[in-house]
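Undergrad: For reference, this is start.txt, and it has compact mmCIF, C-alpha atoms (C1' of nucleotides).
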```txt
# COMPACT_ATOMS: atom_id res chain seq x y z
CA MET D 1 95.41 110.98 110.94
CA PRO D 2 94.67 110.77 114.66
CA GLY D 3 94.85 114.40 115.62
CA GLU D 4 96.79 114.88 118.81
CA LEU D 5 99.42 112.32 119.60
CA PRO D 6 100.52 111.62 123.17
CA HIS D 7 103.61 113.46 124.40
CA PRO D 8 105.35 112.91 127.73
CA GLU D 9 105.20 115.74 130.21
CA ARG D 10 108.48 117.40 130.95
CA SER D 11 108.59 115.64 134.32
CA GLU D 12 108.17 112.27 132.63
CA ILE D 13 111.11 112.58 130.28
CA GLN D 14 113.84 110.05 131.03
CA LEU D 15 117.44 110.73 130.19
CA THR D 16 118.03 107.18 129.02
CA ASP D 17 115.11 107.42 126.62
CA VAL D 18 116.45 110.65 125.19
CA LEU D 19 119.89 109.13 124.74
CA PHE D 20 118.42 106.08 123.08
CA ALA D 21 116.32 108.15 120.70
CA LEU D 22 119.38 110.11 119.64
CA SER D 23 121.61 107.04 119.36
CA ASP D 24 120.46 106.31 115.82
CA PRO D 25 122.07 108.27 112.97
CA GLU D 26 118.80 108.94 111.17
CA ARG D 27 117.01 110.11 114.26
CA LEU D 28 119.96 112.24 115.27
CA ALA D 29 119.92 113.84 111.84
CA ILE D 30 116.25 114.67 112.27
CA ALA D 31 116.89 116.31 115.63
CA ARG D 32 119.66 118.37 114.06
CA GLN D 33 117.38 119.56 111.30
CA LEU D 34 114.96 120.80 113.92
CA ALA D 35 117.65 122.73 115.76
CA ASP D 36 117.05 125.77 113.57
CA GLY D 37 113.34 125.88 114.26
CA PRO D 38 110.11 123.98 113.62
CA LEU D 39 109.65 122.17 110.35
CA ASP D 40 106.80 120.64 108.45
CA MET D 41 107.27 116.92 108.47
CA ALA D 42 107.03 116.89 104.69
CA GLU D 43 110.00 119.25 104.51
CA CYS D 44 112.00 117.22 106.98
CA HIS D 45 114.06 114.78 104.97
CA ALA D 46 116.33 112.63 107.04
CA THR D 47 119.26 111.17 105.13
CA ASP D 48 117.31 109.04 102.66
CA PRO D 49 114.88 111.05 100.52
CA ASN D 50 112.75 108.09 99.41
CA LEU D 51 112.39 106.54 102.83
CA PRO D 52 109.06 104.72 103.25
CA LYS D 53 106.67 106.95 105.08
CA SER D 54 105.88 104.33 107.69
CA THR D 55 109.55 104.13 108.58
CA LYS D 56 109.81 107.89 108.80
CA SER D 57 106.74 107.99 110.98
CA HIS D 58 108.32 105.41 113.24
CA PHE D 59 111.43 107.58 113.69
CA MET D 60 109.20 110.44 114.72
CA LYS D 61 107.36 108.23 117.15
CA VAL D 62 110.55 107.20 118.93
CA LEU D 63 111.70 110.81 119.15
CA ARG D 64 108.30 111.98 120.32
CA GLU D 65 107.81 109.31 122.96
CA ALA D 66 111.27 110.01 124.33
CA GLY D 67 110.38 113.68 124.66
CA VAL D 68 112.85 114.93 122.08
CA ILE D 69 110.34 116.43 119.65
CA ARG D 70 106.77 117.53 119.48
CA ASN D 71 104.59 116.37 116.61
CA GLU D 72 101.43 118.40 116.28
CA PRO D 73 98.75 118.52 113.63
CA ASN D 74 98.85 121.59 111.43
CA GLY D 75 96.16 121.58 108.78
CA ARG D 76 96.70 118.37 106.94
CA ARG D 77 100.35 118.37 107.82
CA ARG D 78 102.48 117.83 110.88
CA MET D 79 104.57 120.42 112.61
CA LEU D 80 107.74 119.10 114.20
CA THR D 81 109.54 121.03 116.91
CA LEU D 82 112.51 120.22 119.05
CA ARG D 83 111.62 120.36 122.76
CA ARG D 84 114.63 122.47 123.47
CA ASP D 85 113.16 124.30 126.44
CA ASP D 86 112.22 121.09 128.22
CA LEU D 87 115.48 119.34 127.46
CA ASP D 88 117.62 122.34 128.36
CA GLU D 89 115.84 122.59 131.66
CA LEU D 90 116.12 118.90 132.46
CA PHE D 91 119.58 118.19 131.08
CA PRO D 92 121.46 121.45 130.64
CA GLY D 93 124.11 121.30 127.97
CA LEU D 94 123.04 117.96 126.58
CA LEU D 95 121.29 119.16 123.47
CA ASP D 96 123.98 121.69 122.67
CA SER D 97 126.71 119.08 122.76
CA VAL D 98 124.74 116.46 120.87
CA LEU D 99 123.55 118.75 118.10
CA ARG D 100 127.02 120.15 117.63
CA GLY D 101 128.47 116.63 117.54
CA MET S 1 141.73 86.50 131.07
CA PRO S 2 142.78 87.84 127.68
CA GLY S 3 145.11 90.61 128.75
CA GLU S 4 144.60 93.71 126.66
CA LEU S 5 141.19 94.24 125.18
CA PRO S 6 140.63 96.33 122.05
CA HIS S 7 139.69 99.96 122.54
CA PRO S 8 138.68 102.41 119.81
CA GLU S 9 141.05 105.28 119.11
CA ARG S 10 139.75 108.69 119.95
CA SER S 11 139.24 109.39 116.27
CA GLU S 12 137.13 106.26 115.89
CA ILE S 13 134.63 107.10 118.61
CA GLN S 14 131.13 107.68 117.23
CA LEU S 15 128.66 109.92 118.99
CA THR S 16 125.77 107.57 118.27
CA ASP S 17 127.66 104.67 119.84
CA VAL S 18 128.37 106.72 122.94
CA LEU S 19 124.73 107.73 123.23
CA PHE S 20 123.61 104.16 122.80
CA ALA S 21 126.02 102.86 125.42
CA LEU S 22 124.71 105.41 127.91
CA SER S 23 121.05 104.84 127.02
CA ASP S 24 120.78 101.89 129.39
CA PRO S 25 120.21 102.63 133.10
CA GLU S 26 122.73 100.06 134.30
CA ARG S 27 125.43 101.21 131.93
CA LEU S 28 124.74 104.83 132.76
CA ALA S 29 125.07 104.01 136.45
CA ILE S 30 128.45 102.45 135.78
CA ALA S 31 129.66 105.51 133.91
CA ARG S 32 128.54 107.69 136.82
CA GLN S 33 130.44 105.58 139.29
CA LEU S 34 133.56 106.13 137.26
CA ALA S 35 133.10 109.89 137.21
CA ASP S 36 135.00 110.22 140.50
CA GLY S 37 138.02 108.31 139.24
CA PRO S 38 139.15 104.85 138.18
CA LEU S 39 137.70 101.84 139.94
CA ASP S 40 138.51 98.20 140.20
CA MET S 41 135.84 96.27 138.39
CA ALA S 42 135.24 94.20 141.51
CA GLU S 43 134.44 97.37 143.43
CA CYS S 44 132.16 98.66 140.71
CA HIS S 45 128.67 97.49 141.56
CA ALA S 46 126.02 98.69 139.18
CA THR S 47 122.50 98.67 140.59
CA ASP S 48 122.16 94.94 141.21
CA PRO S 49 124.82 93.57 143.58
CA ASN S 50 124.40 89.92 142.57
CA LEU S 51 124.38 90.47 138.86
CA PRO S 52 125.83 87.51 136.94
CA LYS S 53 129.41 88.25 136.05
CA SER S 54 128.89 87.50 132.38
CA THR S 55 126.19 90.14 132.24
CA LYS S 56 128.38 92.64 134.01
CA SER S 57 131.21 91.87 131.64
CA HIS S 58 128.86 92.47 128.74
CA PHE S 59 127.96 95.93 130.06
CA MET S 60 131.64 96.76 130.21
CA LYS S 61 132.14 95.53 126.69
CA VAL S 62 129.44 97.80 125.30
CA LEU S 63 130.85 100.79 127.18
CA ARG S 64 134.40 99.94 126.13
CA GLU S 65 133.64 99.39 122.45
CA ALA S 66 131.73 102.65 122.34
CA GLY S 67 134.76 104.46 123.73
CA VAL S 68 133.16 105.44 127.02
CA ILE S 69 135.47 103.54 129.34
CA ARG S 70 138.85 101.87 129.34
CA ASN S 71 139.18 98.39 130.74
CA GLU S 72 142.78 97.46 131.44
CA PRO S 73 144.33 94.52 133.22
CA ASN S 74 145.71 95.33 136.65
CA GLY S 75 147.14 92.29 138.37
CA ARG S 76 144.38 89.78 138.43
CA ARG S 77 141.84 92.53 138.37
CA ARG S 78 140.53 95.06 135.91
CA MET S 79 140.93 98.78 136.16
CA LEU S 80 138.02 100.75 134.76
CA THR S 81 138.41 104.39 133.81
CA LEU S 82 136.09 106.85 132.18
CA ARG S 83 137.59 108.26 128.97
CA ARG S 84 136.77 111.77 130.01
CA ASP S 85 139.62 113.43 128.15
CA ASP S 86 138.68 111.83 124.85
CA LEU S 87 134.97 112.42 125.24
CA ASP S 88 135.40 116.01 126.43
CA GLU S 89 137.57 116.71 123.43
CA LEU S 90 135.20 115.09 120.94
CA PHE S 91 131.86 116.13 122.43
CA PRO S 92 132.39 119.04 124.81
CA GLY S 93 129.78 119.24 127.52
CA LEU S 94 128.22 115.89 126.77
CA LEU S 95 129.66 113.94 129.64
CA ASP S 96 129.06 116.71 132.13
CA SER S 97 125.39 116.90 131.26
CA VAL S 98 124.86 113.16 131.13
CA LEU S 99 126.65 112.37 134.37
CA ARG S 100 124.81 115.13 136.19
CA GLY S 101 121.46 113.93 134.74
C1' DG Y 1 80.39 113.74 97.99
C1' DT Y 2 84.95 112.11 95.97
C1' DA Y 3 89.68 112.23 95.39
C1' DT Y 4 94.06 113.33 97.06
C1' DC Y 5 97.64 114.34 100.10
C1' DG Y 6 100.25 113.67 104.41
C1' DG Y 7 100.72 110.86 107.84
C1' DT Y 8 99.55 107.12 111.49
C1' DT Y 9 98.72 102.33 112.82
C1' DC Y 10 98.83 97.45 112.22
C1' DG Y 11 101.11 93.22 111.27
C1' DA Y 12 104.85 90.28 109.75
C1' DG Y 13 109.67 89.14 108.99
C1' DA Y 14 114.46 90.19 109.81
C1' DT Y 15 117.80 91.86 112.71
C1' DT Y 16 119.82 93.31 116.77
C1' DC Y 17 120.29 93.21 121.69
C1' DA Y 18 119.99 91.30 126.49
C1' DT Y 19 120.61 87.72 129.80
C1' DC Y 20 122.86 84.04 131.81
C1' DG Y 21 125.18 79.45 132.47
C1' DA Y 22 129.16 77.04 131.25
C1' DA Y 23 133.73 76.78 129.70
C1' DC Y 24 137.93 79.02 129.46
C1' DT Y 25 142.03 82.18 130.92
C1' DA Y 26 145.27 84.69 133.54
C1' DT Y 27 147.14 85.97 137.95
C1' DC Y 28 148.34 85.42 142.63
C1' DG Y 29 148.82 82.77 147.18
C1' DG Y 30 150.37 78.77 149.45
C1' DC K 1 151.86 72.66 141.05
C1' DC K 2 147.15 73.46 142.97
C1' DG K 3 143.40 76.06 144.11
C1' DA K 4 140.98 80.29 144.34
C1' DT K 5 139.88 84.64 142.39
C1' DA K 6 138.47 87.90 138.72
C1' DG K 7 136.85 88.30 134.54
C1' DT K 8 136.28 87.14 129.33
C1' DT K 9 134.15 84.40 125.70
C1' DC K 10 130.88 81.24 123.78
C1' DG K 11 126.34 79.64 122.83
C1' DA K 12 121.55 79.55 123.36
C1' DT K 13 117.20 81.58 124.31
C1' DG K 14 114.08 85.38 124.66
C1' DA K 15 113.00 90.17 124.24
C1' DA K 16 113.27 94.67 121.70
C1' DT K 17 113.81 96.95 117.80
C1' DC K 18 113.88 97.91 112.72
C1' DT K 19 111.74 97.95 108.23
C1' DC K 20 108.17 98.14 105.17
C1' DG K 21 103.70 97.27 102.83
C1' DA K 22 98.89 97.60 103.44
C1' DA K 23 95.10 99.54 105.54
C1' DC K 24 93.29 103.38 107.65
C1' DC K 25 92.28 108.48 108.83
C1' DG K 26 91.66 113.49 108.78
C1' DA K 27 91.83 117.82 106.44
C1' DT K 28 91.62 120.11 102.21
C1' DA K 29 90.51 120.75 97.08
C1' DC K 30 87.32 120.05 93.66
```
Let's see the structure in the file written out as C-alpha cells.

TA:
Amino acid sequence: MPGELPHPERSEIQLTDVLFALSDPERLAIARQLADGPLDMAECHATDPNLPKSTKSHFMKVLREAGVIRNEPNGRRRMLTLRRDDLDELFPGLLDSVLRG
Amino acid sequence: MPGELPHPERSEIQLTDVLFALSDPERLAIARQLADGPLDMAECHATDPNLPKSTKSHFMKVLREAGVIRNEPNGRRRMLTLRRDDLDELFPGLLDSVLRG
DNA sequence: GTATCGGTTCGAGATTCATCGAACTATCGG
DNA sequence: CCGATAGTTCGATGAATCTCGAACCGATAC
C-alpha cells in the first residue's frame, strides 16, 4: 500500500472538482460520514456494505484528488478526514449546506 | 421552438443533480451570470462567445433538468432565470457559497 | 520468514457525458 | 407568405467516468 498518496494543496483545490466529487450519492454519503470526525476506512461503509474494495478505493481517490478528504496511512489502515478547514476557508458555507442537504 | 420545456418541481430537485450541473466551469459561469437577475439567452454568453448553439442549448438543458435554472419562452427568445428561491429553500447557503466561489 | 489484512493500482468492458452539425420549430418583421 | 432569428432536438463520434477482478504492496501477527 503506497504510503503517502498525493493531495492537492489548499490553493490548488478547484470548486468545480469539489462539486463534481460530491455530485455522486455514494461519495456524498462518505463525506457526510466524515462530518463527525475522522474515520478508519474500514469503518467507513458507504451505502453498500459489500462494495468491492477497488470501487470503494476509487471513490476515495476522487474525493481525495478533489481536495474533499485526506487519506493517510495509519498502521496498516487508512485514516480518512474531511478537509473541513480548507474547504471552509475556500468556499465558506459550502460544506455546511451540502452536508446538511 | 417547443414552447414550454419540462422543469422539475421544487420537491423533485436532487442535491446531487444540482452539484453535478454546477461542476462544469461553463455551466457554473452561466449560473453566475444569472445571479444578478434574469437574462435573455442571447445575451447570456458563457466563456466562449462563438460556442455552437447546440452546445449552449445542451448546457441549459443540464442546468434546467437539475433544477438550477428556468428556461421559459419569451417572444422568440428564451428567458433564463436562476431558481434561487427553490434552491435557497431546499439547500440554504449552497447557492451563495457556490456563486461567490 | 510466511500469512493475513487493508487497501491501492492496473486493465478491460460498460455506461455516461460532451461536442457539434444538421434538421426542425416557433416567432416576428416585411 | 417569406425570410430571418433564436433556440431545441436528433444522431453520431469521441472522451470521461464507472465498475470490478486480478495483481500488487506495506504493515502487522505469528

Undergrad: Please provide as a list in words all residues within 9 Å of Y:DT16, with the sequence filter that same-chain residues fewer than 5 positions apart are discarded (counting all atoms listed in the file).

TA: DA16, DT17 and DC18 of chain K

Undergrad: Within 12 Å of chain D, which residues of chain S show up when using all atoms listed in the file, listed as a PyMOL selection string?

TA: chain S and resi 13-29+66+87-101

Undergrad: Applying 12 Å and only C-alpha atoms (C1' of nucleotides), which residues near Y:DG7 remain after dropping the ones on its own chain fewer than 2 positions away? List them as a PDB file with C-alpha atoms (C1' of nucleotides), in the frame of the given file.

TA:
```
ATOM      1  CA  MET D   1      95.410 110.980 110.940  1.00  0.00           C
ATOM      2  CA  PRO D   2      94.670 110.770 114.660  1.00  0.00           C
ATOM      3  CA  GLY D   3      94.850 114.400 115.620  1.00  0.00           C
ATOM      4  CA  LEU D   5      99.420 112.320 119.600  1.00  0.00           C
ATOM      5  CA  ASP D  40     106.800 120.640 108.450  1.00  0.00           C
ATOM      6  CA  MET D  41     107.270 116.920 108.470  1.00  0.00           C
ATOM      7  CA  ALA D  42     107.030 116.890 104.690  1.00  0.00           C
ATOM      8  CA  PRO D  52     109.060 104.720 103.250  1.00  0.00           C
ATOM      9  CA  LYS D  53     106.670 106.950 105.080  1.00  0.00           C
ATOM     10  CA  SER D  54     105.880 104.330 107.690  1.00  0.00           C
ATOM     11  CA  THR D  55     109.550 104.130 108.580  1.00  0.00           C
ATOM     12  CA  LYS D  56     109.810 107.890 108.800  1.00  0.00           C
ATOM     13  CA  SER D  57     106.740 107.990 110.980  1.00  0.00           C
ATOM     14  CA  HIS D  58     108.320 105.410 113.240  1.00  0.00           C
ATOM     15  CA  MET D  60     109.200 110.440 114.720  1.00  0.00           C
ATOM     16  CA  LYS D  61     107.360 108.230 117.150  1.00  0.00           C
ATOM     17  CA  ASN D  71     104.590 116.370 116.610  1.00  0.00           C
ATOM     18  CA  GLU D  72     101.430 118.400 116.280  1.00  0.00           C
ATOM     19  CA  PRO D  73      98.750 118.520 113.630  1.00  0.00           C
ATOM     20  CA  ASN D  74      98.850 121.590 111.430  1.00  0.00           C
ATOM     21  CA  GLY D  75      96.160 121.580 108.780  1.00  0.00           C
ATOM     22  CA  ARG D  76      96.700 118.370 106.940  1.00  0.00           C
ATOM     23  CA  ARG D  77     100.350 118.370 107.820  1.00  0.00           C
ATOM     24  CA  ARG D  78     102.480 117.830 110.880  1.00  0.00           C
ATOM     25  CA  MET D  79     104.570 120.420 112.610  1.00  0.00           C
TER      26      MET D  79
ATOM     27  C1'  DC Y   5      97.640 114.340 100.100  1.00  0.00           C
ATOM     28  C1'  DT Y   9      98.720 102.330 112.820  1.00  0.00           C
TER      29       DT Y   9
ATOM     30  C1'  DC K  24      93.290 103.380 107.650  1.00  0.00           C
ATOM     31  C1'  DC K  25      92.280 108.480 108.830  1.00  0.00           C
ATOM     32  C1'  DG K  26      91.660 113.490 108.780  1.00  0.00           C
ATOM     33  C1'  DA K  27      91.830 117.820 106.440  1.00  0.00           C
TER      34       DA K  27
END
```

Undergrad: Residues at most 9 Å from D:His45, counting all atoms listed in the file, excluding those fewer than 6 positions away in the same chain, as a PyMOL selection string?

TA: chain D and resi 30+33+51+56

Undergrad: Please, which residues in chain K fall within 9 Å of chain S when counting only C-alpha atoms (C1' of nucleotides), and what is the closest atom pair and distance in Å to one decimal for each, ordered by chain then residue number, as JSON lines?

TA:
```
{"residue": "K:DT5", "atom": "C1'", "partner": "S:Arg76", "partner_atom": "CA", "distance": 7.9}
{"residue": "K:DA6", "atom": "C1'", "partner": "S:Arg77", "partner_atom": "CA", "distance": 5.7}
{"residue": "K:DG7", "atom": "C1'", "partner": "S:Met1", "partner_atom": "CA", "distance": 6.3}
{"residue": "K:DT8", "atom": "C1'", "partner": "S:Met1", "partner_atom": "CA", "distance": 5.8}
```

Undergrad: Least-squares align chain S to chain D using all Cα atoms paired by position, then dump the moved coordinates as a PDB file with C-alpha atoms, in the coordinates of the input.

TA:
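Output (superposed_2.pdb):
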```pdb
ATOM      1  CA  MET S   1      95.298 111.033 110.871  1.00  0.00           C
ATOM      2  CA  PRO S   2      94.685 110.767 114.605  1.00  0.00           C
ATOM      3  CA  GLY S   3      94.860 114.411 115.572  1.00  0.00           C
ATOM      4  CA  GLU S   4      96.779 114.882 118.787  1.00  0.00           C
ATOM      5  CA  LEU S   5      99.403 112.326 119.610  1.00  0.00           C
ATOM      6  CA  PRO S   6     100.527 111.636 123.180  1.00  0.00           C
ATOM      7  CA  HIS S   7     103.601 113.464 124.408  1.00  0.00           C
ATOM      8  CA  PRO S   8     105.367 112.912 127.732  1.00  0.00           C
ATOM      9  CA  GLU S   9     105.233 115.744 130.244  1.00  0.00           C
ATOM     10  CA  ARG S  10     108.509 117.394 130.995  1.00  0.00           C
ATOM     11  CA  SER S  11     108.620 115.628 134.336  1.00  0.00           C
ATOM     12  CA  GLU S  12     108.187 112.256 132.653  1.00  0.00           C
ATOM     13  CA  ILE S  13     111.129 112.580 130.288  1.00  0.00           C
ATOM     14  CA  GLN S  14     113.872 110.048 131.034  1.00  0.00           C
ATOM     15  CA  LEU S  15     117.480 110.739 130.187  1.00  0.00           C
ATOM     16  CA  THR S  16     118.058 107.174 129.025  1.00  0.00           C
ATOM     17  CA  ASP S  17     115.120 107.417 126.626  1.00  0.00           C
ATOM     18  CA  VAL S  18     116.464 110.653 125.198  1.00  0.00           C
ATOM     19  CA  LEU S  19     119.905 109.137 124.731  1.00  0.00           C
ATOM     20  CA  PHE S  20     118.438 106.093 123.067  1.00  0.00           C
ATOM     21  CA  ALA S  21     116.310 108.146 120.697  1.00  0.00           C
ATOM     22  CA  LEU S  22     119.376 110.114 119.627  1.00  0.00           C
ATOM     23  CA  SER S  23     121.616 107.045 119.349  1.00  0.00           C
ATOM     24  CA  ASP S  24     120.435 106.320 115.818  1.00  0.00           C
ATOM     25  CA  PRO S  25     122.047 108.287 112.960  1.00  0.00           C
ATOM     26  CA  GLU S  26     118.767 108.932 111.164  1.00  0.00           C
ATOM     27  CA  ARG S  27     116.985 110.096 114.279  1.00  0.00           C
ATOM     28  CA  LEU S  28     119.929 112.246 115.267  1.00  0.00           C
ATOM     29  CA  ALA S  29     119.881 113.833 111.821  1.00  0.00           C
ATOM     30  CA  ILE S  30     116.220 114.667 112.278  1.00  0.00           C
ATOM     31  CA  ALA S  31     116.855 116.297 115.635  1.00  0.00           C
ATOM     32  CA  ARG S  32     119.628 118.375 114.064  1.00  0.00           C
ATOM     33  CA  GLN S  33     117.350 119.552 111.308  1.00  0.00           C
ATOM     34  CA  LEU S  34     114.941 120.792 113.919  1.00  0.00           C
ATOM     35  CA  ALA S  35     117.629 122.723 115.763  1.00  0.00           C
ATOM     36  CA  ASP S  36     117.035 125.770 113.549  1.00  0.00           C
ATOM     37  CA  GLY S  37     113.313 125.872 114.253  1.00  0.00           C
ATOM     38  CA  PRO S  38     110.092 123.974 113.628  1.00  0.00           C
ATOM     39  CA  LEU S  39     109.648 122.170 110.340  1.00  0.00           C
ATOM     40  CA  ASP S  40     106.811 120.635 108.451  1.00  0.00           C
ATOM     41  CA  MET S  41     107.274 116.905 108.460  1.00  0.00           C
ATOM     42  CA  ALA S  42     107.038 116.879 104.676  1.00  0.00           C
ATOM     43  CA  GLU S  43     109.996 119.245 104.500  1.00  0.00           C
ATOM     44  CA  CYS S  44     112.000 117.216 106.975  1.00  0.00           C
ATOM     45  CA  HIS S  45     114.073 114.777 104.968  1.00  0.00           C
ATOM     46  CA  ALA S  46     116.367 112.637 107.038  1.00  0.00           C
ATOM     47  CA  THR S  47     119.290 111.149 105.135  1.00  0.00           C
ATOM     48  CA  ASP S  48     117.336 109.028 102.666  1.00  0.00           C
ATOM     49  CA  PRO S  49     114.927 111.068 100.520  1.00  0.00           C
ATOM     50  CA  ASN S  50     112.768 108.118  99.445  1.00  0.00           C
ATOM     51  CA  LEU S  51     112.409 106.552 102.834  1.00  0.00           C
ATOM     52  CA  PRO S  52     109.091 104.716 103.247  1.00  0.00           C
ATOM     53  CA  LYS S  53     106.673 106.934 105.089  1.00  0.00           C
ATOM     54  CA  SER S  54     105.888 104.303 107.688  1.00  0.00           C
ATOM     55  CA  THR S  55     109.552 104.125 108.592  1.00  0.00           C
ATOM     56  CA  LYS S  56     109.801 107.877 108.807  1.00  0.00           C
ATOM     57  CA  SER S  57     106.720 107.977 110.980  1.00  0.00           C
ATOM     58  CA  HIS S  58     108.312 105.402 113.244  1.00  0.00           C
ATOM     59  CA  PHE S  59     111.410 107.574 113.698  1.00  0.00           C
ATOM     60  CA  MET S  60     109.174 110.435 114.732  1.00  0.00           C
ATOM     61  CA  LYS S  61     107.346 108.228 117.169  1.00  0.00           C
ATOM     62  CA  VAL S  62     110.538 107.197 118.936  1.00  0.00           C
ATOM     63  CA  LEU S  63     111.704 110.810 119.148  1.00  0.00           C
ATOM     64  CA  ARG S  64     108.284 111.980 120.317  1.00  0.00           C
ATOM     65  CA  GLU S  65     107.803 109.313 122.978  1.00  0.00           C
ATOM     66  CA  ALA S  66     111.264 110.013 124.328  1.00  0.00           C
ATOM     67  CA  GLY S  67     110.372 113.683 124.683  1.00  0.00           C
ATOM     68  CA  VAL S  68     112.831 114.939 122.091  1.00  0.00           C
ATOM     69  CA  ILE S  69     110.346 116.421 119.651  1.00  0.00           C
ATOM     70  CA  ARG S  70     106.746 117.528 119.490  1.00  0.00           C
ATOM     71  CA  ASN S  71     104.592 116.369 116.627  1.00  0.00           C
ATOM     72  CA  GLU S  72     101.424 118.410 116.295  1.00  0.00           C
ATOM     73  CA  PRO S  73      98.759 118.524 113.631  1.00  0.00           C
ATOM     74  CA  ASN S  74      98.885 121.605 111.436  1.00  0.00           C
ATOM     75  CA  GLY S  75      96.237 121.554 108.748  1.00  0.00           C
ATOM     76  CA  ARG S  76      96.767 118.370 106.876  1.00  0.00           C
ATOM     77  CA  ARG S  77     100.395 118.399 107.801  1.00  0.00           C
ATOM     78  CA  ARG S  78     102.491 117.845 110.878  1.00  0.00           C
ATOM     79  CA  MET S  79     104.561 120.439 112.624  1.00  0.00           C
ATOM     80  CA  LEU S  80     107.722 119.092 114.206  1.00  0.00           C
ATOM     81  CA  THR S  81     109.518 121.024 116.917  1.00  0.00           C
ATOM     82  CA  LEU S  82     112.495 120.220 119.058  1.00  0.00           C
ATOM     83  CA  ARG S  83     111.620 120.367 122.767  1.00  0.00           C
ATOM     84  CA  ARG S  84     114.635 122.477 123.497  1.00  0.00           C
ATOM     85  CA  ASP S  85     113.156 124.297 126.470  1.00  0.00           C
ATOM     86  CA  ASP S  86     112.229 121.085 128.246  1.00  0.00           C
ATOM     87  CA  LEU S  87     115.479 119.325 127.469  1.00  0.00           C
ATOM     88  CA  ASP S  88     117.628 122.337 128.365  1.00  0.00           C
ATOM     89  CA  GLU S  89     115.843 122.584 131.675  1.00  0.00           C
ATOM     90  CA  LEU S  90     116.142 118.880 132.472  1.00  0.00           C
ATOM     91  CA  PHE S  91     119.606 118.177 131.072  1.00  0.00           C
ATOM     92  CA  PRO S  92     121.484 121.449 130.646  1.00  0.00           C
ATOM     93  CA  GLY S  93     124.108 121.318 127.945  1.00  0.00           C
ATOM     94  CA  LEU S  94     123.049 117.969 126.573  1.00  0.00           C
ATOM     95  CA  LEU S  95     121.297 119.158 123.469  1.00  0.00           C
ATOM     96  CA  ASP S  96     123.963 121.699 122.653  1.00  0.00           C
ATOM     97  CA  SER S  97     126.690 119.087 122.740  1.00  0.00           C
ATOM     98  CA  VAL S  98     124.728 116.461 120.858  1.00  0.00           C
ATOM     99  CA  LEU S  99     123.508 118.747 118.099  1.00  0.00           C
ATOM    100  CA  ARG S 100     126.976 120.170 117.591  1.00  0.00           C
ATOM    101  CA  GLY S 101     128.480 116.635 117.529  1.00  0.00           C
TER     102      GLY S 101
END
```

Undergrad: So how far away is atom CA of D:Arg32 from atom CA of D:Pro6, in Å?

TA: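 We find that atom CA of D:Pro6 and atom CA of D:Arg32 lie 22.2 Å from each other.
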
Undergrad: Of the residues Y:DA3, Y:DA14, Y:DT19, Y:DG30, which is the one nearest to chain S, using all atoms listed in the file?

TA: Y:DT19

Undergrad: Which one of D:Asp48, D:Glu12, D:Glu43, D:Asp36 sits closest to chain Y if you count only C-alpha atoms (C1' of nucleotides)?

TA: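 Ranking D:Asp48, D:Glu12, D:Glu43, D:Asp36 by distance to chain Y, first place goes to D:Glu43.
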
Undergrad: Could you jot down the atom CA of S:Asp85 to atom CA of S:Arg64 separation for me, Å, one decimal place?

TA: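 Separating atom CA of S:Asp85 from atom CA of S:Arg64 is a distance of 14.6 Å.
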
Undergrad: Give one line per residue of chain Y that approaches chain S to at most 9 Å, naming the two atoms of the closest pair and their distance in Å to one decimal, counting only C-alpha atoms (C1' of nucleotides); sort by chain then ascending residue number and deliver it as JSON lines.

TA:
```
{"residue": "Y:DA18", "atom": "C1'", "partner": "S:Thr55", "partner_atom": "CA", "distance": 8.5}
{"residue": "Y:DT19", "atom": "C1'", "partner": "S:Thr55", "partner_atom": "CA", "distance": 6.6}
{"residue": "Y:DC20", "atom": "C1'", "partner": "S:Pro52", "partner_atom": "CA", "distance": 6.9}
{"residue": "Y:DG21", "atom": "C1'", "partner": "S:Ser54", "partner_atom": "CA", "distance": 8.9}
{"residue": "Y:DC24", "atom": "C1'", "partner": "S:Met1", "partner_atom": "CA", "distance": 8.5}
{"residue": "Y:DT25", "atom": "C1'", "partner": "S:Met1", "partner_atom": "CA", "distance": 4.3}
{"residue": "Y:DA26", "atom": "C1'", "partner": "S:Met1", "partner_atom": "CA", "distance": 4.7}
{"residue": "Y:DT27", "atom": "C1'", "partner": "S:Arg76", "partner_atom": "CA", "distance": 4.7}
{"residue": "Y:DC28", "atom": "C1'", "partner": "S:Arg76", "partner_atom": "CA", "distance": 7.2}
```

Undergrad: Go ahead and compute the interatomic distance for atom CA of S:Glu65 and atom CA of S:Pro8, in Å to one decimal.

TA: 6.4 Å

Undergrad: Could you write out as lines of an AutoDock Vina configuration file the box around stretch 42-50 of chain D (axis-aligned, all atoms listed in the file, 5 Å on each side), with centre and edge lengths in Å to one decimal?

TA:
```
center_x = 113.1
center_y = 113.7
center_z = 103.2
size_x = 22.2
size_y = 21.2
size_z = 17.6
```

Undergrad: Tell me which protein, DNA and RNA residues are within 12 Å of K:DC30, counting only C-alpha atoms (C1' of nucleotides), leaving out same-chain ones fewer than 5 positions away, and put them as a PyMOL selection string.

TA: chain Y and resi 1-4
